[in-house]
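The data block below is coords.txt; it holds compact mmCIF, C-alpha atoms.
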```txt
# COMPACT_ATOMS: atom_id res chain seq x y z
CA MET A 1 -12.53 -18.78 -16.48
CA ARG A 2 -15.31 -18.83 -19.06
CA PHE A 3 -17.49 -15.74 -19.28
CA TYR A 4 -20.83 -15.36 -21.01
CA GLU A 5 -20.27 -13.85 -24.42
CA ASP A 6 -22.85 -11.69 -26.14
CA PRO A 7 -21.53 -10.81 -29.60
CA SER A 8 -23.83 -7.80 -29.75
CA THR A 9 -22.35 -6.05 -26.67
CA ILE A 10 -18.97 -5.08 -25.27
CA TYR A 11 -18.65 -5.14 -21.48
CA LEU A 12 -16.39 -2.29 -20.31
CA ASP A 13 -17.79 -1.95 -16.80
CA SER A 14 -15.75 -4.16 -14.44
CA ALA A 15 -15.17 -1.11 -12.23
CA LYS A 16 -18.89 -1.29 -11.47
CA ALA A 17 -19.18 -5.07 -11.22
CA GLY A 18 -16.94 -7.95 -12.17
CA PRO A 19 -19.13 -10.36 -14.15
CA MET A 20 -20.12 -13.86 -13.14
CA TYR A 21 -18.38 -16.70 -14.95
CA TYR A 22 -19.60 -20.21 -15.73
CA GLU A 23 -17.39 -22.14 -13.29
CA LEU A 24 -18.44 -19.95 -10.36
CA LEU A 25 -22.09 -20.15 -11.38
CA ASP A 26 -21.83 -23.94 -11.39
CA TRP A 27 -20.23 -23.96 -7.91
CA ARG A 28 -22.90 -21.60 -6.52
CA ASN A 29 -25.73 -23.68 -7.98
CA LYS A 30 -24.29 -26.81 -6.36
CA TYR A 31 -23.91 -25.01 -3.03
CA GLU A 32 -27.50 -23.73 -3.13
CA LYS A 33 -28.80 -27.19 -4.04
CA ASN A 34 -26.81 -28.66 -1.17
CA SER A 35 -28.33 -26.02 1.12
CA LEU A 36 -31.79 -27.06 -0.04
CA ILE A 37 -31.13 -30.69 0.89
CA LYS A 38 -28.98 -30.37 4.03
CA LYS A 39 -30.75 -27.35 5.52
CA SER A 40 -28.98 -26.19 8.71
CA GLN A 41 -26.45 -28.99 8.50
CA ILE A 42 -24.70 -27.25 5.63
CA ARG A 43 -23.25 -24.81 8.18
CA GLU A 44 -21.84 -27.41 10.54
CA SER A 45 -18.28 -26.80 9.41
CA HIS A 46 -18.62 -23.10 8.58
CA LYS A 47 -16.10 -21.94 11.21
CA ASP A 48 -13.42 -24.22 9.79
CA ASP A 49 -14.40 -23.15 6.28
CA VAL A 50 -13.96 -19.47 7.18
CA ILE A 51 -10.53 -20.14 8.68
CA LYS A 52 -9.53 -21.91 5.47
CA VAL A 53 -10.55 -18.92 3.35
CA GLU A 54 -8.69 -16.58 5.70
CA LYS A 55 -5.54 -18.66 5.20
CA ASN A 56 -5.98 -18.64 1.42
CA LEU A 57 -6.38 -14.84 1.43
CA SER A 58 -3.31 -14.54 3.66
CA LYS A 59 -1.31 -16.59 1.18
CA PHE A 60 -2.61 -14.74 -1.89
CA PHE A 61 -1.82 -11.29 -0.44
CA ASN A 62 1.18 -12.34 1.71
CA VAL A 63 -0.30 -11.37 5.08
CA LYS A 64 2.61 -12.70 7.15
CA THR A 65 2.23 -10.66 10.32
CA GLY A 66 -1.45 -9.86 10.53
CA ASP A 67 -5.02 -11.00 10.30
CA VAL A 68 -7.85 -11.37 7.82
CA PHE A 69 -11.44 -10.44 8.66
CA PHE A 70 -14.68 -10.43 6.67
CA SER A 71 -17.44 -7.92 6.09
CA ASN A 72 -20.14 -7.66 3.43
CA SER A 73 -18.73 -4.57 1.67
CA PHE A 74 -15.92 -2.04 1.83
CA SER A 75 -18.34 0.56 3.20
CA ARG A 76 -19.56 -1.63 6.07
CA GLY A 77 -16.03 -2.75 6.88
CA PHE A 78 -14.62 0.77 6.91
CA HIS A 79 -17.52 2.17 8.94
CA SER A 80 -17.04 -0.65 11.48
CA LEU A 81 -13.32 0.11 11.66
CA VAL A 82 -13.66 3.87 12.11
CA SER A 83 -16.29 3.42 14.84
CA GLN A 84 -13.63 1.70 16.96
CA PHE A 85 -11.35 4.75 17.11
CA LYS A 86 -11.27 6.74 20.35
CA GLY A 87 -10.11 10.27 21.08
CA GLU A 88 -9.73 12.89 18.34
CA PRO A 89 -7.83 11.40 15.40
CA SER A 90 -7.32 13.43 12.23
CA PHE A 91 -7.77 11.97 8.74
CA LEU A 92 -6.30 12.99 5.40
CA VAL A 93 -8.59 12.17 2.46
CA LEU A 94 -8.47 12.91 -1.26
CA GLU A 95 -11.16 15.06 -2.82
CA ASN A 96 -13.62 12.94 -4.84
CA ASP A 97 -12.33 9.69 -3.38
CA TYR A 98 -14.90 6.96 -2.72
CA PRO A 99 -17.72 8.68 -0.73
CA SER A 100 -17.93 6.04 2.02
CA ILE A 101 -14.49 7.10 3.23
CA SER A 102 -15.42 10.66 4.16
CA GLU A 103 -18.94 9.64 5.23
CA ALA A 104 -17.63 7.30 7.94
CA ILE A 105 -15.17 9.89 9.25
CA ILE A 106 -17.76 12.68 9.32
CA LYS A 107 -20.33 10.39 10.96
CA ASN A 108 -17.94 9.85 13.87
CA ASN A 109 -17.22 13.60 14.15
CA PHE A 110 -13.51 13.18 13.49
CA ASN A 111 -11.33 15.85 11.91
CA ILE A 112 -11.07 15.45 8.14
CA ILE A 113 -8.57 17.21 5.88
CA TYR A 114 -9.14 17.15 2.11
CA VAL A 115 -6.31 17.02 -0.40
CA LYS A 116 -6.62 18.24 -3.98
CA ASN A 117 -6.91 15.26 -6.33
CA ASP A 118 -5.23 16.45 -9.52
CA LEU A 119 -2.20 15.70 -11.69
CA TYR A 120 0.09 16.30 -8.71
CA VAL A 121 -1.85 14.12 -6.27
CA GLU A 122 1.20 12.47 -4.65
CA GLU A 123 2.96 15.81 -4.15
CA ASN A 124 -0.26 17.27 -2.73
CA ILE A 125 -0.44 14.41 -0.22
CA LYS A 126 3.21 14.89 0.79
CA ILE A 127 2.72 18.61 1.40
CA ALA A 128 -0.51 18.05 3.37
CA VAL A 129 1.09 15.39 5.59
CA GLU A 130 4.02 17.68 6.37
CA LYS A 131 1.71 20.62 7.07
CA TYR A 132 -1.07 18.98 9.08
CA GLN A 133 0.67 15.91 10.55
CA PRO A 134 -2.52 13.78 10.34
CA ASP A 135 -2.90 10.53 12.24
CA PHE A 136 -4.40 8.65 9.29
CA LEU A 137 -4.29 8.76 5.53
CA VAL A 138 -7.26 6.91 4.01
CA ILE A 139 -6.96 6.41 0.28
CA SER A 140 -8.23 4.28 -2.58
CA VAL A 141 -5.25 2.68 -4.32
CA ILE A 142 -7.08 3.13 -7.61
CA GLN A 143 -9.49 6.05 -7.77
CA TRP A 144 -13.03 4.97 -8.57
CA ILE A 145 -13.97 7.85 -10.90
CA ASP A 146 -10.96 8.16 -13.21
CA GLY A 147 -8.72 5.16 -12.45
CA ILE A 148 -5.72 7.13 -11.16
CA LYS A 149 -3.38 4.60 -9.53
CA ILE A 150 -1.57 5.99 -6.50
CA ASP A 151 2.17 5.32 -6.57
CA LEU A 152 2.83 2.64 -3.93
CA ASN A 153 6.54 3.47 -3.82
CA PHE A 154 5.59 7.05 -2.99
CA LEU A 155 3.36 5.83 -0.16
CA LYS A 156 6.17 3.64 1.20
CA LYS A 157 8.51 6.61 1.32
CA LEU A 158 5.79 8.80 2.84
CA LYS A 159 5.21 6.23 5.57
CA SER A 160 8.94 5.87 6.21
CA ASN A 161 9.34 9.62 6.63
CA ASN A 162 6.23 10.04 8.82
CA LYS A 163 6.27 7.38 11.53
CA GLN A 164 3.13 8.77 13.19
CA LEU A 165 1.07 8.24 10.04
CA SER A 166 -1.13 5.17 9.61
CA ILE A 167 -2.32 4.42 6.08
CA ILE A 168 -5.63 2.68 5.44
CA ALA A 169 -6.31 1.60 1.86
CA ASP A 170 -9.44 0.95 -0.14
CA GLY A 171 -8.40 -1.88 -2.48
CA THR A 172 -11.75 -2.47 -4.16
CA GLN A 173 -10.61 -1.28 -7.62
CA PHE A 174 -7.12 -2.71 -7.07
CA CYS A 175 -7.22 -6.19 -5.56
CA GLY A 176 -7.33 -8.81 -8.29
CA THR A 177 -5.60 -6.64 -10.90
CA CYS A 178 -2.01 -7.57 -10.01
CA GLU A 179 0.20 -9.35 -7.52
CA PHE A 180 0.16 -7.53 -4.20
CA ASP A 181 2.39 -8.06 -1.16
CA PHE A 182 0.52 -6.72 1.85
CA ASN A 183 3.32 -7.55 4.28
CA ASN A 184 5.71 -5.25 2.41
CA SER A 185 3.14 -2.59 1.60
CA PRO A 186 2.81 0.81 3.34
CA PHE A 187 -0.68 -0.05 4.58
CA GLU A 188 -1.67 -0.94 8.13
CA VAL A 189 -5.12 -1.91 6.88
CA LEU A 190 -6.49 -2.72 3.45
CA ILE A 191 -10.21 -3.24 2.86
CA SER A 192 -11.68 -4.52 -0.39
CA SER A 193 -15.07 -5.58 -1.65
CA GLY A 194 -15.05 -8.82 -3.61
CA TYR A 195 -17.53 -8.08 -6.38
CA LYS A 196 -15.27 -6.20 -8.78
CA TRP A 197 -11.81 -7.37 -9.88
CA MET A 198 -11.85 -10.31 -7.44
CA LEU A 199 -14.84 -11.67 -9.44
CA ALA A 200 -16.52 -13.08 -6.33
CA GLY A 201 -19.98 -11.56 -6.58
CA TYR A 202 -21.79 -9.36 -4.08
CA GLY A 203 -21.98 -9.73 -0.31
CA VAL A 204 -18.37 -10.22 0.72
CA ALA A 205 -15.42 -7.98 1.57
CA PHE A 206 -12.18 -8.62 3.41
CA LEU A 207 -9.93 -6.64 5.72
CA LEU A 208 -6.19 -7.25 5.87
CA VAL A 209 -4.74 -5.95 9.15
CA LYS A 210 -1.13 -5.80 10.32
CA LYS A 211 -0.38 -6.78 13.93
CA ASP A 212 1.15 -3.41 14.77
CA PHE A 213 -2.14 -1.69 13.99
CA TYR A 214 -3.68 -2.98 17.23
CA LYS A 215 -1.17 -0.81 19.12
CA ASN A 216 -2.43 2.37 17.49
CA LYS A 217 -3.06 4.95 20.21
CA PHE A 218 -6.58 5.60 18.88
CA LEU A 219 -7.50 1.92 18.84
CA GLN A 220 -5.86 -0.21 21.54
CA LEU A 221 -7.68 -3.45 20.74
CA ASN A 222 -6.30 -6.94 20.51
CA SER A 223 -6.98 -9.23 17.57
CA SER A 224 -9.97 -11.04 19.11
CA GLU A 225 -11.61 -7.77 20.24
CA PHE A 226 -11.12 -6.31 16.79
CA LYS A 227 -12.63 -9.40 15.20
CA LYS A 228 -15.77 -9.03 17.32
CA ALA A 229 -16.13 -5.43 16.13
CA ILE A 230 -15.74 -6.30 12.45
CA ASP A 231 -17.08 -9.84 11.97
CA ILE A 232 -20.64 -9.06 13.04
CA GLY A 233 -23.50 -11.53 12.58
CA HIS A 234 -23.67 -14.73 10.57
CA TYR A 235 -21.16 -15.41 7.84
CA ASP A 236 -22.62 -15.52 4.35
CA MET A 237 -20.97 -18.76 3.31
CA LEU A 238 -22.22 -18.55 -0.27
CA ALA A 239 -20.44 -15.19 -0.63
CA ILE A 240 -17.30 -16.24 1.26
CA GLY A 241 -17.20 -19.53 -0.63
CA SER A 242 -17.50 -17.63 -3.91
CA LEU A 243 -14.54 -15.49 -2.89
CA GLU A 244 -12.48 -18.59 -2.15
CA PHE A 245 -13.47 -20.15 -5.48
CA SER A 246 -12.38 -17.07 -7.43
CA LEU A 247 -9.27 -16.71 -5.30
CA LYS A 248 -8.11 -20.16 -6.38
CA LYS A 249 -8.76 -19.30 -10.02
CA LEU A 250 -6.98 -15.94 -9.83
CA SER A 251 -3.96 -17.30 -7.98
CA THR A 252 -2.97 -19.41 -10.98
CA ILE A 253 -3.20 -16.59 -13.53
CA ILE A 254 -2.60 -13.34 -11.60
CA ASN A 255 0.73 -12.74 -13.36
CA LYS A 256 -0.93 -13.10 -16.76
CA ILE A 257 -3.79 -10.85 -15.65
CA GLU A 258 -1.36 -8.15 -14.52
CA LYS A 259 0.49 -8.21 -17.84
CA LYS A 260 -2.72 -8.22 -19.90
CA LEU A 261 -4.13 -5.25 -17.99
CA TYR A 262 -0.84 -3.36 -18.30
CA ASP A 263 -0.76 -3.91 -22.06
CA LEU A 264 -4.43 -2.96 -22.46
CA SER A 265 -4.03 0.22 -20.44
CA LYS A 266 -0.97 1.26 -22.41
CA TYR A 267 -2.78 0.66 -25.71
CA VAL A 268 -5.93 2.53 -24.68
CA LYS A 269 -3.94 5.47 -23.31
CA VAL A 270 -2.20 5.96 -26.67
CA GLU A 271 -5.43 5.58 -28.64
CA LEU A 272 -7.33 8.07 -26.45
CA GLU A 273 -4.50 10.57 -26.73
CA ASN A 274 -4.46 10.20 -30.51
CA ILE A 275 -8.11 11.24 -30.73
CA ASP A 276 -7.73 13.94 -28.05
CA MET A 277 -9.98 12.19 -25.54
CA LEU A 278 -7.40 11.45 -22.83
CA ASP A 279 -7.80 13.40 -19.60
CA SER A 280 -4.87 15.80 -19.22
CA LYS A 281 -4.53 14.56 -15.63
CA ILE A 282 -3.51 11.14 -16.93
CA LYS A 283 -1.21 12.14 -19.80
CA MET A 284 1.83 12.83 -17.64
CA ARG A 285 1.51 9.85 -15.30
CA LYS A 286 3.97 6.98 -15.71
CA SER A 287 1.38 4.25 -15.26
CA HIS A 288 -2.38 3.99 -15.12
CA SER A 289 -5.03 1.41 -14.33
CA THR A 290 -7.54 0.10 -16.87
CA ILE A 291 -10.19 2.56 -15.69
CA TYR A 292 -10.58 5.68 -17.83
CA ASN A 293 -12.95 8.63 -17.55
CA ILE A 294 -13.75 10.51 -20.76
CA SER A 295 -15.24 13.98 -20.50
CA ASP A 296 -19.00 14.00 -21.13
CA PRO A 297 -20.64 16.85 -19.17
CA GLU A 298 -23.89 16.67 -21.15
CA GLY A 299 -24.17 12.88 -21.26
CA ARG A 300 -24.12 12.71 -25.06
CA LEU A 301 -21.12 10.35 -25.25
CA TYR A 302 -22.70 7.96 -22.75
CA LYS A 303 -25.85 7.77 -24.90
CA HIS A 304 -23.72 7.24 -28.00
CA LEU A 305 -21.73 4.38 -26.44
CA THR A 306 -24.73 2.61 -24.92
CA SER A 307 -26.69 2.95 -28.15
CA ASN A 308 -23.77 1.12 -29.77
CA ASN A 309 -24.07 -1.65 -27.14
CA ILE A 310 -21.00 -0.69 -25.12
CA ILE A 311 -21.70 -1.18 -21.43
CA CYS A 312 -20.09 1.54 -19.30
CA SER A 313 -20.98 3.96 -16.47
CA GLN A 314 -21.52 7.66 -15.89
CA ARG A 315 -19.20 8.88 -13.15
CA GLY A 316 -18.40 12.45 -12.21
CA THR A 317 -18.71 14.61 -15.32
CA GLY A 318 -17.73 11.87 -17.73
CA VAL A 319 -18.10 8.33 -18.99
CA ARG A 320 -16.13 5.69 -17.11
CA VAL A 321 -14.92 2.69 -19.07
CA SER A 322 -12.97 -0.16 -17.47
CA PHE A 323 -11.18 -2.98 -19.27
CA ASN A 324 -10.62 -6.44 -17.81
CA PHE A 325 -8.41 -9.37 -18.80
CA PHE A 326 -11.27 -11.05 -20.68
CA ASN A 327 -11.64 -8.05 -23.01
CA THR A 328 -10.09 -8.54 -26.43
CA LYS A 329 -8.07 -6.24 -28.66
CA ALA A 330 -10.90 -6.44 -31.20
CA GLU A 331 -13.36 -5.12 -28.60
CA ILE A 332 -11.04 -2.26 -27.71
CA LYS A 333 -10.60 -1.36 -31.39
CA LYS A 334 -14.38 -1.32 -31.83
CA PHE A 335 -14.69 0.91 -28.77
CA ILE A 336 -12.10 3.35 -30.15
CA LYS A 337 -13.85 3.33 -33.52
CA THR A 338 -17.13 4.19 -31.77
CA LEU A 339 -15.41 7.07 -29.98
CA LYS A 340 -14.07 8.36 -33.29
CA SER A 341 -17.54 8.28 -34.83
CA PHE A 342 -18.79 10.36 -31.92
CA SER A 343 -16.00 12.92 -32.25
CA LEU A 344 -16.84 13.34 -35.94
CA SER A 345 -20.56 13.76 -35.32
CA PRO A 346 -22.04 17.30 -35.26
```

Structure translated into structure tokens:
Amino acid sequence: MRFYEDPSTIYLDSAKAGPMYYELLDWRNKYEKNSLIKKSQIRESHKDDVIKVEKNLSKFFNVKTGDVFFSNSFSRGFHSLVSQFKGEPSFLVLENDYPSISEAIIKNNFNIIYVKNDLYVEENIKIAVEKYQPDFLVISVIQWIDGIKIDLNFLKKLKSNNKQLSIIADGTQFCGTCEFDFNNSPFEVLISSGYKWMLAGYGVAFLLVKKDFYKNKFLQLNSSEFKKAIDIGHYDMLAIGSLEFSLKKLSTIINKIEKKLYDLSKYVKVELENIDMLDSKIKMRKSHSTIYNISDPEGRLYKHLTSNNIICSQRGTGVRVSFNFFNTKAEIKKFIKTLKSFSLSP
């Protein structure tokens, strides 16, 4: 994968958007040109093409006993899913998790229980599940504001000890960062947009669904009925084709990506702690993603970083930076140096 390099800037914003790369741009240009020439005929095989991408996603994420469906974003996919529930299900949700999660639940007038999202997030979830016995836990595997990565082994044990609980995951900040075995995961459903770590561009998201989920007492749909509820309208074949293109690229290097991100995160965590800019919530955790939020209630740090050509985002009360596998150690060192210059400024 070859990314556009601007020596004057450092891109630390993959949590907002995974950048385009040259090979994908070339494929998309060829597809668009083909669409110009063939017109409607370019879609003659689109059903077979979609099935092929579904199979490739199934292989990449090991969806052995389930299905793959498409939407145009996590938000649309999750809203479509929640609208299929009947009765009065209850949902457990983390405070400050991705807003679309609570919005969809509230829109459908379902009971929502919020869990404190702090240093003890897993223990808080365990206590809340035991106390309230919710029907669903909906959770982002990696939290969008500060990059907290929920312990999957904890979720497996939680699921094993609470048979009534169904877990639905937002994988948008997670999918594409490491190898992931959906079949052996604690999730009944995982939904992910493709424009971040999957490097597929905007307009496509996928849902991974286990077969047993169709038997849920609040759902009671078969696979084909569920597909009709989720796969609404025409498929955007440019977006789905882009996902397949990136999927093929990622499948050959996902192990290397996982190791690179682990090493980067470990390095950044130490450096931030050394200059007293590491969130206390993250200090005690065994592992972390490559998304970090640095306190910046007045926005001064954000202005300092952007004025030094470091691309990042304002999230919550801080600056969110996110490192990807294409980022270099030299870029990270320059970023840390820029942070140090800010901490020394009056």

* Asked: Mind pulling up the distance from atom CA of A:Ala229 to atom CA of A:Leu243?
  ->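 Going from atom CA of A:Leu243 over to atom CA of A:Ala229, I get 21.6 Å.
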
* Taking into account all atoms listed in the file, which residue in the set A:Phe213, A:Tyr132, A:Tyr120, A:Tyr4 is nearest to A:Ser166? -> A:Phe213

Enumerate, in order of chain and increasing residue number, the residues of stretch 138-161 of chain A with an atom no farther than 12 Å from stretch 320-332 of chain A, each with its shortest atom pair and distance in Å to one decimal, counting only C-alpha atoms, as a Markdown table.
```
| residue | atom | partner | partner_atom | distance |
| --- | --- | --- | --- | --- |
| A:Ile142 | CA | A:Ser322 | CA | 11.9 |
| A:Gln143 | CA | A:Arg320 | CA | 11.5 |
| A:Trp144 | CA | A:Arg320 | CA | 9.1 |
| A:Ile145 | CA | A:Arg320 | CA | 6.9 |
| A:Asp146 | CA | A:Arg320 | CA | 6.9 |
| A:Gly147 | CA | A:Ser322 | CA | 8.5 |
```

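Across A:Ser100, A:Asn308, A:Ser287, A:Thr177, the tightest approach to A:Phe74 is made by A:Ser100 when counting all atoms listed in the file.
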
* So how many Å separate atom CA of A:Met198 and atom CA of A:Phe174, to one decimal? ->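 Answer for the atom CA of A:Met198 to atom CA of A:Phe174 separation: 9.0 Å.
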
* List the neighbours of A:Asn117 out to 10 Å using all atoms listed in the file; skip same-chain residues closer than 4 positions along the sequence, and give me the result as number ranges by chain. => A: 93-97, 121-122, 124-125, 143, 148, 281

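Proximity to stretch 40-49 of chain A at 8 Å, evaluated using only C-alpha atoms and with sequence-adjacent residues fewer than 5 positions away removed, yields Asn34, Ser35 and Met237 of chain A.
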
* Which residues, written as an MDAnalysis selection string, have at least one atom at most 8 Å from A:Ala169, with all atoms listed in the file counted and residues fewer than 2 positions away on the same chain left out? -> chainID A and resid 138:141 167 171 187 189:191

* To do: Skip A:Gln314 itself and residues of its chain fewer than 3 positions away, then list as number ranges by chain all residues within 12 Å of it, counting only C-alpha atoms.
  => A: 13, 15-16, 144-146, 292-303, 305-306, 311, 317-322

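The spacing separating atom CA of A:Arg76 from atom CA of A:Lys227 amounts to 13.8 Å.
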
* Asked: What's the 10 Å shell around A:Lys126, counting all atoms listed in the file, without same-chain residues fewer than 2 positions away, as a count of residues only?
  -> 15

* **Nearest to A:Leu278, chosen from A:Glu244, A:Ser80, A:Ile336, A:Glu188, with only C-alpha atoms counted in the distances** =>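 Selected residue with least distance to A:Leu278: A:Ile336.
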
* Counting only C-alpha atoms, the option among A:Phe182, A:Tyr262, A:Tyr267, A:Phe245 closest to A:Glu23 -> A:Phe245

* Show me as a ChimeraX atom specification the residues that reach within 7 Å of (-8.6, 15.4, 10.9), counting only C-alpha atoms and using the file's own coordinates. => /A:89-92,110-113,134

Emit the selected residues as an mmCIF file, in the frame of the given file, including C-alpha atoms.
```cif
data_model
loop_
_atom_site.group_PDB
_atom_site.id
_atom_site.type_symbol
_atom_site.label_atom_id
_atom_site.label_comp_id
_atom_site.auth_asym_id
_atom_site.auth_seq_id
_atom_site.Cartn_x
_atom_site.Cartn_y
_atom_site.Cartn_z
ATOM 1 C CA PRO A 89 -7.830 11.400 15.400
ATOM 2 C CA SER A 90 -7.320 13.430 12.230
ATOM 3 C CA PHE A 91 -7.770 11.970 8.740
ATOM 4 C CA LEU A 92 -6.300 12.990 5.400
ATOM 5 C CA PHE A 110 -13.510 13.180 13.490
ATOM 6 C CA ASN A 111 -11.330 15.850 11.910
ATOM 7 C CA ILE A 112 -11.070 15.450 8.140
ATOM 8 C CA ILE A 113 -8.570 17.210 5.880
ATOM 9 C CA PRO A 134 -2.520 13.780 10.340
#
```

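Proximity of A:Phe218, A:Phe3, A:Phe69, A:Tyr11 to A:Ser313, computed with all atoms listed in the file, is greatest for A:Tyr11.
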
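Between A:Ser73 and the residues A:Lys256, A:Lys196, A:Lys163, A:Lys38, the shortest atom-to-atom distance, using all atoms listed in the file, involves A:Lys196.
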
Output, as AutoDock Vina command-line options, the centre and edge lengths in Å (one decimal) of the axis-aligned box that contains all listed atoms of stretch 222-234 of chain A with 3 Å of margin on each side.
```
--center_x -15.0 --center_y -10.1 --center_z 15.5 --size_x 23.4 --size_y 15.3 --size_z 15.9
```

* Up to 8 Å from (-22.1, -6.6, -7.7) in the file's coordinates: name the residues, counting only C-alpha atoms, as an MDAnalysis selection string. => chainID A and resid 16:18 195:196 201:202
